[in-house]
Every structure is written in structure tokens, then in C-alpha cells.
Amino acid sequence: MTSLMDVIFLLLCFFVTTSVFSQWETEVSISLPTATTATVPNRMPGEIILNVSAHGDVTVNGQLLTRPELTKRLAIIAKNYPGQPVVIRADRETAYEHLVSVIDACRAADVWNFSLATRDEEEK
């Protein structure tokens, strides 16, 4: 019975920690573009969230990264966890070139499972 309680406690700790980090990533002040077909997807466990500001700055887990640092970090993730989901949250004011450079960093790191976050038009 004690070992079962230990397992349940560890699972509880894992899910609480995961939910705190996922909430923290979406609280970054980024105004997502709208889309008529936008839906709230089910969160994938352990998905990486890349926040791209209007000025093109990329943050991951609250840490500002340069493009080479981003590529290096994504390459390590892709090597250890093939097929790792990545969500790119770009501000609607972000220049297209900044978004393309983040996508290029993903492709250079062999990360192909990425998606772009949007919000529903009614969510304004």
C-alpha cells in the first residue's frame, strides 16, 4: 500500500509541475493572431513552447535565446526525443522574417513536429 501511495504522489507532483509550466509559458505577453478555424488543442505532454515577440526575440521557459542557441537546444531535444512536439507562439506584430527564422531553426535542428498557435476570433 505504501509503494502505491508513493507512485500516486509522484504522479500528482509530475502533473502539478507540468500544469504550472504550461500556464507560465502562455502567460508571456504575446498577442496571437486570430483564425476562423482556431481551436484549443489538447496539450501534448512535454511539448516545447517557443514564444516569439513582436521584435523577434525568442523565449523558451522564460529564457531569451539567440537563433544559434535555439537551434542548439532544439537539436539536443530532437536527438533525445525524436518527434517532440513544438508550438510556436508568435505575436501578431512579428515580422514574417522572424517567424521564418524560427521555423528554419526548427528544421535545422531536425524538428518537424511543430505547429503555430492562433486564437479564435471571438476570444478578443
# chains A, B, ... in the order shown; residues from 1 in each chain; ligands from 1
call {"tool": "residues_around", "arguments": {"residues": "Lys72 of chain A", "least_positions_apart": "6", "cutoff": "12 Å", "atoms": "only C-alpha atoms", "output": "ChimeraX atom specification"}}
result
/A:65-66,78-79,105-111
call {"tool": "residues_around", "arguments": {"residues": "Arg67 of chain A", "least_positions_apart": "6", "cutoff": "12 Å", "atoms": "only C-alpha atoms", "output": "ChimeraX atom specification"}}
result
/A:50,52,56-60,73-74,98-106,108-109
call {"tool": "atom_distance", "arguments": {"atom1": "atom CA of Ile88 of chain A", "atom2": "atom CA of Ile48 of chain A"}}
result
8.5 Å
call {"tool": "residues_around", "arguments": {"residues": "Ile49 of chain A", "least_positions_apart": "5", "cutoff": "10 Å", "atoms": "only C-alpha atoms", "output": "mmCIF file with C-alpha atoms, in the first residue's frame"}}
result
data_model
loop_
_atom_site.group_PDB
_atom_site.id
_atom_site.type_symbol
_atom_site.label_atom_id
_atom_site.label_comp_id
_atom_site.auth_asym_id
_atom_site.auth_seq_id
_atom_site.Cartn_x
_atom_site.Cartn_y
_atom_site.Cartn_z
ATOM 1 C CA SER A 22 2.405 25.174 -19.330
ATOM 2 C CA GLU A 25 4.504 29.748 -20.959
ATOM 3 C CA THR A 26 1.120 31.012 -22.105
ATOM 4 C CA THR A 59 11.969 32.855 -25.266
ATOM 5 C CA VAL A 60 11.802 29.268 -24.081
ATOM 6 C CA ASN A 61 10.913 28.584 -20.443
ATOM 7 C CA PRO A 85 6.046 18.486 -30.374
ATOM 8 C CA VAL A 86 6.959 22.180 -30.594
ATOM 9 C CA VAL A 87 4.421 25.033 -30.507
ATOM 10 C CA ILE A 88 5.460 28.392 -31.961
ATOM 11 C CA ARG A 89 3.550 31.293 -30.355
ATOM 12 C CA PHE A 114 5.844 21.932 -34.912
ATOM 13 C CA SER A 115 2.662 23.974 -35.061
ATOM 14 C CA LEU A 116 1.721 27.652 -34.999
ATOM 15 C CA ALA A 117 -0.519 28.899 -32.205
#
call {"tool": "closest_residue", "arguments": {"among": "A:Trp112, A:Arg119, A:Asn51, A:Leu10", "to": "Ile77 of chain A", "atoms": "only C-alpha atoms"}}
result
A:Trp112
